[in-house]
Amino acid sequence: MFNGIYFEYPYFFLLLALFIFCEFFCKMRLPSFYFPHATKFMQKGVSSSNLPLILKYLAIFLMILALSSPVKDEPYELEPKKGHEIAIIIDASQSMQARGFDRSNPAKNRFDVVKLIVGDFIKKRKSDNMGLVVFGAYSFIASPLTYDENILARIVSQLQIGMAGKYTALYESLAQGVNLLKMSESKSKIAILLTDGYSSPNVDKIPLDVAIDMAKKEGVKVYPIGIGNQNEYNAAVLLKIAKETGGVAFGASTGDELEAVYKKIDELEKVDIKNESYTYLSYYYIYPLSLALLFLMLYVFVRNKNGRKN
């Protein structure tokens, strides 16, 4: 607790020298009166203890210590919050049940692999304000924008296949991601759109061009990712979305490739943010001052009890 403590006004310690000087050379001179046999009364009523003198010296020393203002610098860093605004859009349609996406564990379905990789990506983006959109036959915002990457990663881990229906409203999900970022005033808005299928025309209520125009109007850069075999998702549509919004389209046929895609996006959208350092001054004068007052009260009490001046 007291490591690194220093005195803000150390020159107050010169008062100690002044006090010692006055103890020897500034004695109070009072007129003397002689009372015969007075020593007998003093021997019986006055204690010869040095306690009052010790209490007085301790009180004065501690008061001077308090005047010197012992302080301690406690540096801390303000966590930066100046990264990107990111909408993470995840396909939770029935086709995500397909297995074999993870070569090391073929029994895992695509969605389980996606949740792990997306969760890791989220935890690495500590300075970003991120939100989550989940879609199937319809889309919904599973989490508004938040800087708490741990809560967002936990939400991702609890997602279930089919929770938004079994079909794919791809364009509606993009529009929902743009809406998530719409209220943001950030200059850097990103949407990462992951899907393993084609848009279902019977359920997708928003045309592709309308969704793209919405993204362009709000300045949202889109990174579309198609997973699975190339014939399982519409690569041409993903390329168009990326090209018109200034993003990059990716494809991943395995979990390892998908992990590499998120690493690439992480590198493309890195922000060099410097932490702001501050110093907090902790003052400790209250401790010697409290002790000084305590010793001073004890000194007055003992002196009055003993009937002696020290």
# chains A, B, ... in the order shown; residues from 1 in each chain; ligands from 1
call {"tool": "residues_around", "arguments": {"residues": "Asn150 (chain A)", "least_positions_apart": "5", "cutoff": "9 Å", "atoms": "only C-alpha atoms", "output": "list in words"}}
result
Gly119, Ile122, Lys123 and Ile155 of chain A
call {"tool": "select_by_dssp", "arguments": {"residues": "region 103-214 of chain A", "states": "strand (DSSP E)", "output": "list in words"}}
result
Asn129, Met130, Gly131, Leu132, Val133, Val134, Phe135, Ser139, Phe140, Ile141, Ala142, Ser143, Pro144, Leu145, Thr146, Lys189, Ile190, Ala191, Ile192, Leu193, Leu194 and Thr195 of chain A
call {"tool": "write_last_selection", "arguments": {"atoms": "N, CA, C and O atoms", "output": "PDB file, in the first residue's frame"}}
result
ATOM      1  N   ASN A 129     -17.073  -1.756 -31.365  1.00  0.00           N
ATOM      2  CA  ASN A 129     -18.458  -1.752 -30.918  1.00  0.00           C
ATOM      3  C   ASN A 129     -19.210  -2.707 -31.847  1.00  0.00           C
ATOM      4  O   ASN A 129     -19.445  -2.387 -33.021  1.00  0.00           O
ATOM      5  N   MET A 130     -19.587  -3.880 -31.346  1.00  0.00           N
ATOM      6  CA  MET A 130     -20.121  -4.932 -32.214  1.00  0.00           C
ATOM      7  C   MET A 130     -21.540  -5.320 -31.830  1.00  0.00           C
ATOM      8  O   MET A 130     -21.923  -5.281 -30.667  1.00  0.00           O
ATOM      9  N   GLY A 131     -22.299  -5.703 -32.853  1.00  0.00           N
ATOM     10  CA  GLY A 131     -23.651  -6.202 -32.653  1.00  0.00           C
ATOM     11  C   GLY A 131     -23.842  -7.468 -33.470  1.00  0.00           C
ATOM     12  O   GLY A 131     -23.006  -7.817 -34.310  1.00  0.00           O
ATOM     13  N   LEU A 132     -24.952  -8.163 -33.229  1.00  0.00           N
ATOM     14  CA  LEU A 132     -25.171  -9.474 -33.848  1.00  0.00           C
ATOM     15  C   LEU A 132     -26.550  -9.560 -34.489  1.00  0.00           C
ATOM     16  O   LEU A 132     -27.563  -9.223 -33.861  1.00  0.00           O
ATOM     17  N   VAL A 133     -26.559 -10.019 -35.740  1.00  0.00           N
ATOM     18  CA  VAL A 133     -27.805 -10.289 -36.465  1.00  0.00           C
ATOM     19  C   VAL A 133     -27.828 -11.765 -36.833  1.00  0.00           C
ATOM     20  O   VAL A 133     -26.839 -12.302 -37.348  1.00  0.00           O
ATOM     21  N   VAL A 134     -28.921 -12.426 -36.558  1.00  0.00           N
ATOM     22  CA  VAL A 134     -29.101 -13.845 -36.897  1.00  0.00           C
ATOM     23  C   VAL A 134     -30.246 -13.932 -37.906  1.00  0.00           C
ATOM     24  O   VAL A 134     -31.254 -13.241 -37.772  1.00  0.00           O
ATOM     25  N   PHE A 135     -30.071 -14.791 -38.907  1.00  0.00           N
ATOM     26  CA  PHE A 135     -31.137 -14.896 -39.897  1.00  0.00           C
ATOM     27  C   PHE A 135     -31.347 -16.329 -40.365  1.00  0.00           C
ATOM     28  O   PHE A 135     -30.473 -17.186 -40.268  1.00  0.00           O
ATOM     29  N   SER A 139     -34.894 -12.326 -40.255  1.00  0.00           N
ATOM     30  CA  SER A 139     -33.691 -11.894 -39.526  1.00  0.00           C
ATOM     31  C   SER A 139     -34.091 -11.104 -38.290  1.00  0.00           C
ATOM     32  O   SER A 139     -35.148 -10.468 -38.265  1.00  0.00           O
ATOM     33  N   PHE A 140     -33.234 -11.149 -37.284  1.00  0.00           N
ATOM     34  CA  PHE A 140     -33.483 -10.357 -36.078  1.00  0.00           C
ATOM     35  C   PHE A 140     -32.154  -9.971 -35.437  1.00  0.00           C
ATOM     36  O   PHE A 140     -31.123 -10.619 -35.662  1.00  0.00           O
ATOM     37  N   ILE A 141     -32.193  -8.922 -34.653  1.00  0.00           N
ATOM     38  CA  ILE A 141     -30.990  -8.452 -33.946  1.00  0.00           C
ATOM     39  C   ILE A 141     -30.885  -9.219 -32.632  1.00  0.00           C
ATOM     40  O   ILE A 141     -31.706  -9.053 -31.741  1.00  0.00           O
ATOM     41  N   ALA A 142     -29.883 -10.086 -32.549  1.00  0.00           N
ATOM     42  CA  ALA A 142     -29.678 -10.888 -31.341  1.00  0.00           C
ATOM     43  C   ALA A 142     -28.952 -10.098 -30.257  1.00  0.00           C
ATOM     44  O   ALA A 142     -29.058 -10.409 -29.075  1.00  0.00           O
ATOM     45  N   SER A 143     -28.199  -9.079 -30.672  1.00  0.00           N
ATOM     46  CA  SER A 143     -27.516  -8.214 -29.703  1.00  0.00           C
ATOM     47  C   SER A 143     -27.301  -6.844 -30.324  1.00  0.00           C
ATOM     48  O   SER A 143     -26.823  -6.748 -31.459  1.00  0.00           O
ATOM     49  N   PRO A 144     -27.659  -5.768 -29.632  1.00  0.00           N
ATOM     50  CA  PRO A 144     -27.325  -4.426 -30.130  1.00  0.00           C
ATOM     51  C   PRO A 144     -25.825  -4.199 -30.031  1.00  0.00           C
ATOM     52  O   PRO A 144     -25.081  -5.043 -29.504  1.00  0.00           O
ATOM     53  N   LEU A 145     -25.368  -3.079 -30.510  1.00  0.00           N
ATOM     54  CA  LEU A 145     -23.941  -2.767 -30.460  1.00  0.00           C
ATOM     55  C   LEU A 145     -23.457  -2.709 -29.005  1.00  0.00           C
ATOM     56  O   LEU A 145     -24.100  -2.106 -28.149  1.00  0.00           O
ATOM     57  N   THR A 146     -22.338  -3.352 -28.757  1.00  0.00           N
ATOM     58  CA  THR A 146     -21.769  -3.371 -27.413  1.00  0.00           C
ATOM     59  C   THR A 146     -20.256  -3.469 -27.493  1.00  0.00           C
ATOM     60  O   THR A 146     -19.706  -4.056 -28.425  1.00  0.00           O
ATOM     61  N   LYS A 189     -17.846   1.692 -40.490  1.00  0.00           N
ATOM     62  CA  LYS A 189     -18.924   0.733 -40.269  1.00  0.00           C
ATOM     63  C   LYS A 189     -18.693  -0.489 -41.146  1.00  0.00           C
ATOM     64  O   LYS A 189     -18.485  -0.364 -42.346  1.00  0.00           O
ATOM     65  N   ILE A 190     -18.766  -1.662 -40.528  1.00  0.00           N
ATOM     66  CA  ILE A 190     -18.465  -2.914 -41.222  1.00  0.00           C
ATOM     67  C   ILE A 190     -19.566  -3.927 -40.940  1.00  0.00           C
ATOM     68  O   ILE A 190     -20.065  -4.015 -39.819  1.00  0.00           O
ATOM     69  N   ALA A 191     -19.912  -4.697 -41.961  1.00  0.00           N
ATOM     70  CA  ALA A 191     -20.824  -5.827 -41.788  1.00  0.00           C
ATOM     71  C   ALA A 191     -20.125  -7.074 -42.312  1.00  0.00           C
ATOM     72  O   ALA A 191     -19.580  -7.071 -43.421  1.00  0.00           O
ATOM     73  N   ILE A 192     -20.109  -8.125 -41.499  1.00  0.00           N
ATOM     74  CA  ILE A 192     -19.522  -9.412 -41.904  1.00  0.00           C
ATOM     75  C   ILE A 192     -20.688 -10.394 -42.051  1.00  0.00           C
ATOM     76  O   ILE A 192     -21.276 -10.810 -41.061  1.00  0.00           O
ATOM     77  N   LEU A 193     -21.003 -10.712 -43.285  1.00  0.00           N
ATOM     78  CA  LEU A 193     -22.185 -11.513 -43.606  1.00  0.00           C
ATOM     79  C   LEU A 193     -21.773 -12.944 -43.953  1.00  0.00           C
ATOM     80  O   LEU A 193     -21.087 -13.181 -44.953  1.00  0.00           O
ATOM     81  N   LEU A 194     -22.175 -13.895 -43.125  1.00  0.00           N
ATOM     82  CA  LEU A 194     -21.820 -15.302 -43.347  1.00  0.00           C
ATOM     83  C   LEU A 194     -23.060 -16.105 -43.711  1.00  0.00           C
ATOM     84  O   LEU A 194     -24.081 -16.028 -43.030  1.00  0.00           O
ATOM     85  N   THR A 195     -22.946 -16.887 -44.822  1.00  0.00           N
ATOM     86  CA  THR A 195     -24.061 -17.722 -45.255  1.00  0.00           C
ATOM     87  C   THR A 195     -23.545 -18.990 -45.928  1.00  0.00           C
ATOM     88  O   THR A 195     -22.405 -19.029 -46.406  1.00  0.00           O
TER      89      THR A 195
END
call {"tool": "closest_residue", "arguments": {"among": "A:Ser95, A:Asn50, A:Ser290, A:Ser173", "to": "Ala66 (chain A)", "atoms": "only C-alpha atoms"}}
result
A:Ser290
call {"tool": "atom_distance", "arguments": {"atom1": "CA of Asn231 (chain A)", "atom2": "CA of Ala98 (chain A)"}}
result
14.2 Å
call {"tool": "closest_residue", "arguments": {"among": "A:Leu258, A:Ala252, A:Val113, A:Ile86", "to": "Val178 (chain A)", "atoms": "only C-alpha atoms"}}
result
A:Ile86
call {"tool": "closest_residue", "arguments": {"among": "A:Glu218, A:Glu259, A:Asp213, A:Asp196", "to": "Ser93 (chain A)", "atoms": "only C-alpha atoms"}}
result
A:Asp196
call {"tool": "select_by_dssp", "arguments": {"residues": "region 76-117 of chain A", "states": "helix (DSSP H, G or I)", "output": "JSON, numbers by chain"}}
result
{"A": [94, 95, 96, 97, 110, 111, 112, 113, 114, 115, 116, 117]}
call {"tool": "residues_around", "arguments": {"residues": "region 237-251 of chain A", "least_positions_apart": "5", "cutoff": "12 Å", "atoms": "only C-alpha atoms", "output": "number ranges by chain"}}
result
A: 170-171, 174-175, 178, 188-199, 207-232, 256-265, 268-269
call {"tool": "closest_residue", "arguments": {"among": "A:Glu185, A:Glu23, A:Glu172, A:Asp73", "to": "Lys56 (chain A)", "atoms": "only C-alpha atoms"}}
result
A:Glu23
call {"tool": "closest_atom_pairs", "arguments": {"of": "region 46-158 of chain A", "to": "region 7-15 of chain A", "cutoff": "9 Å", "atoms": "only C-alpha atoms", "output": "CSV"}}
result
residue,atom,partner,partner_atom,distance
A:Phe61,CA,A:Phe13,CA,8.8
A:Ile64,CA,A:Phe13,CA,6.4
A:Leu65,CA,A:Phe13,CA,7.3
A:Leu67,CA,A:Phe12,CA,6.5
A:Ser68,CA,A:Tyr9,CA,4.5
A:Ser69,CA,A:Glu8,CA,5.3
A:Pro70,CA,A:Phe7,CA,4.4
A:Val71,CA,A:Phe7,CA,6.0
A:Lys72,CA,A:Phe7,CA,8.6
call {"tool": "closest_residue", "arguments": {"among": "A:Lys126, A:Ile89, A:Arg99, A:Ile117", "to": "Lys270 (chain A)", "atoms": "only C-alpha atoms"}}
result
A:Lys126
call {"tool": "residues_around", "arguments": {"residues": "region 156-169 of chain A", "least_positions_apart": "3", "cutoff": "6 Å", "atoms": "only C-alpha atoms", "output": "list in words"}}
result
Ala92, Ser93, Gln94, Lys115, Phe135, Gly136, Ala137, Tyr138, Ala153, Glu172, Ser199, Ser200, Val203 and Asp204 of chain A
call {"tool": "write_last_selection", "arguments": {"atoms": "all heavy atoms", "output": "short mmCIF file (atom, residue, chain, number, x, y, z; two decimals), in the first residue's frame"}}
result
data_model
loop_
_atom_site.label_atom_id
_atom_site.label_comp_id
_atom_site.auth_asym_id
_atom_site.auth_seq_id
_atom_site.Cartn_x
_atom_site.Cartn_y
_atom_site.Cartn_z
N ALA A 92 -28.37 -18.91 -39.69
CA ALA A 92 -28.74 -20.00 -38.78
C ALA A 92 -29.83 -20.88 -39.40
O ALA A 92 -30.61 -21.52 -38.69
CB ALA A 92 -29.22 -19.43 -37.44
N SER A 93 -29.87 -20.92 -40.74
CA SER A 93 -30.89 -21.71 -41.43
C SER A 93 -30.60 -23.21 -41.30
O SER A 93 -29.54 -23.62 -40.84
CB SER A 93 -30.96 -21.32 -42.91
OG SER A 93 -29.71 -21.57 -43.54
N GLN A 94 -31.55 -24.02 -41.77
CA GLN A 94 -31.46 -25.47 -41.58
C GLN A 94 -30.26 -26.10 -42.27
O GLN A 94 -29.73 -27.12 -41.82
CB GLN A 94 -32.75 -26.12 -42.09
CG GLN A 94 -32.96 -27.55 -41.61
CD GLN A 94 -34.34 -28.07 -41.96
OE1 GLN A 94 -35.01 -27.54 -42.85
NE2 GLN A 94 -34.79 -29.10 -41.27
N LYS A 115 -19.78 -20.97 -34.83
CA LYS A 115 -19.91 -20.30 -33.53
C LYS A 115 -18.57 -20.19 -32.82
O LYS A 115 -18.27 -19.15 -32.22
CB LYS A 115 -20.93 -21.04 -32.66
CG LYS A 115 -22.37 -20.88 -33.12
CD LYS A 115 -23.37 -21.33 -32.06
CE LYS A 115 -23.29 -22.80 -31.77
NZ LYS A 115 -24.31 -23.22 -30.78
N PHE A 135 -30.07 -14.79 -38.91
CA PHE A 135 -31.14 -14.90 -39.90
C PHE A 135 -31.35 -16.33 -40.36
O PHE A 135 -30.47 -17.19 -40.27
CB PHE A 135 -30.85 -13.99 -41.11
CG PHE A 135 -29.72 -14.45 -42.00
CD1 PHE A 135 -29.98 -15.18 -43.17
CD2 PHE A 135 -28.40 -14.14 -41.70
CE1 PHE A 135 -28.95 -15.58 -44.00
CE2 PHE A 135 -27.37 -14.54 -42.53
CZ PHE A 135 -27.65 -15.27 -43.68
N GLY A 136 -32.56 -16.54 -40.85
CA GLY A 136 -32.98 -17.78 -41.49
C GLY A 136 -34.05 -17.37 -42.46
O GLY A 136 -33.79 -16.64 -43.42
N ALA A 137 -35.29 -17.78 -42.22
CA ALA A 137 -36.41 -17.32 -43.02
C ALA A 137 -36.72 -15.84 -42.75
O ALA A 137 -37.33 -15.16 -43.56
CB ALA A 137 -37.64 -18.17 -42.75
N TYR A 138 -36.29 -15.34 -41.60
CA TYR A 138 -36.37 -13.92 -41.26
C TYR A 138 -35.12 -13.57 -40.47
O TYR A 138 -34.33 -14.45 -40.08
CB TYR A 138 -37.63 -13.62 -40.43
CG TYR A 138 -37.72 -14.38 -39.14
CD1 TYR A 138 -37.23 -13.86 -37.95
CD2 TYR A 138 -38.32 -15.66 -39.10
CE1 TYR A 138 -37.30 -14.57 -36.76
CE2 TYR A 138 -38.39 -16.37 -37.91
CZ TYR A 138 -37.88 -15.82 -36.76
OH TYR A 138 -37.95 -16.53 -35.59
N ALA A 153 -19.77 -12.79 -27.28
CA ALA A 153 -19.29 -14.14 -27.59
C ALA A 153 -20.16 -15.19 -26.92
O ALA A 153 -20.41 -16.27 -27.47
CB ALA A 153 -17.84 -14.29 -27.16
N GLU A 172 -32.52 -9.64 -46.72
CA GLU A 172 -33.15 -9.04 -45.54
C GLU A 172 -32.16 -8.96 -44.38
O GLU A 172 -32.16 -8.00 -43.62
CB GLU A 172 -34.38 -9.86 -45.15
CG GLU A 172 -35.16 -9.26 -43.99
CD GLU A 172 -36.36 -10.11 -43.59
OE1 GLU A 172 -36.94 -10.75 -44.48
OE2 GLU A 172 -36.69 -10.13 -42.39
N SER A 199 -30.31 -17.09 -51.50
CA SER A 199 -31.48 -16.37 -50.99
C SER A 199 -32.75 -17.12 -51.40
O SER A 199 -32.89 -17.55 -52.55
CB SER A 199 -31.51 -14.95 -51.56
OG SER A 199 -32.71 -14.31 -51.25
N SER A 200 -33.68 -17.29 -50.48
CA SER A 200 -34.96 -17.94 -50.76
C SER A 200 -35.95 -16.88 -51.25
O SER A 200 -36.35 -16.01 -50.47
CB SER A 200 -35.50 -18.63 -49.51
OG SER A 200 -34.57 -19.56 -49.01
N VAL A 203 -39.21 -15.99 -49.27
CA VAL A 203 -39.15 -15.42 -47.91
C VAL A 203 -38.35 -14.13 -47.84
O VAL A 203 -38.53 -13.34 -46.90
CB VAL A 203 -38.56 -16.45 -46.91
CG1 VAL A 203 -39.43 -17.69 -46.82
CG2 VAL A 203 -37.13 -16.83 -47.28
N ASP A 204 -37.47 -13.91 -48.82
CA ASP A 204 -36.65 -12.69 -48.81
C ASP A 204 -37.48 -11.52 -49.31
O ASP A 204 -37.75 -11.39 -50.51
CB ASP A 204 -35.40 -12.90 -49.68
CG ASP A 204 -34.17 -12.28 -49.06
OD1 ASP A 204 -34.33 -11.40 -48.20
OD2 ASP A 204 -33.05 -12.68 -49.41
#
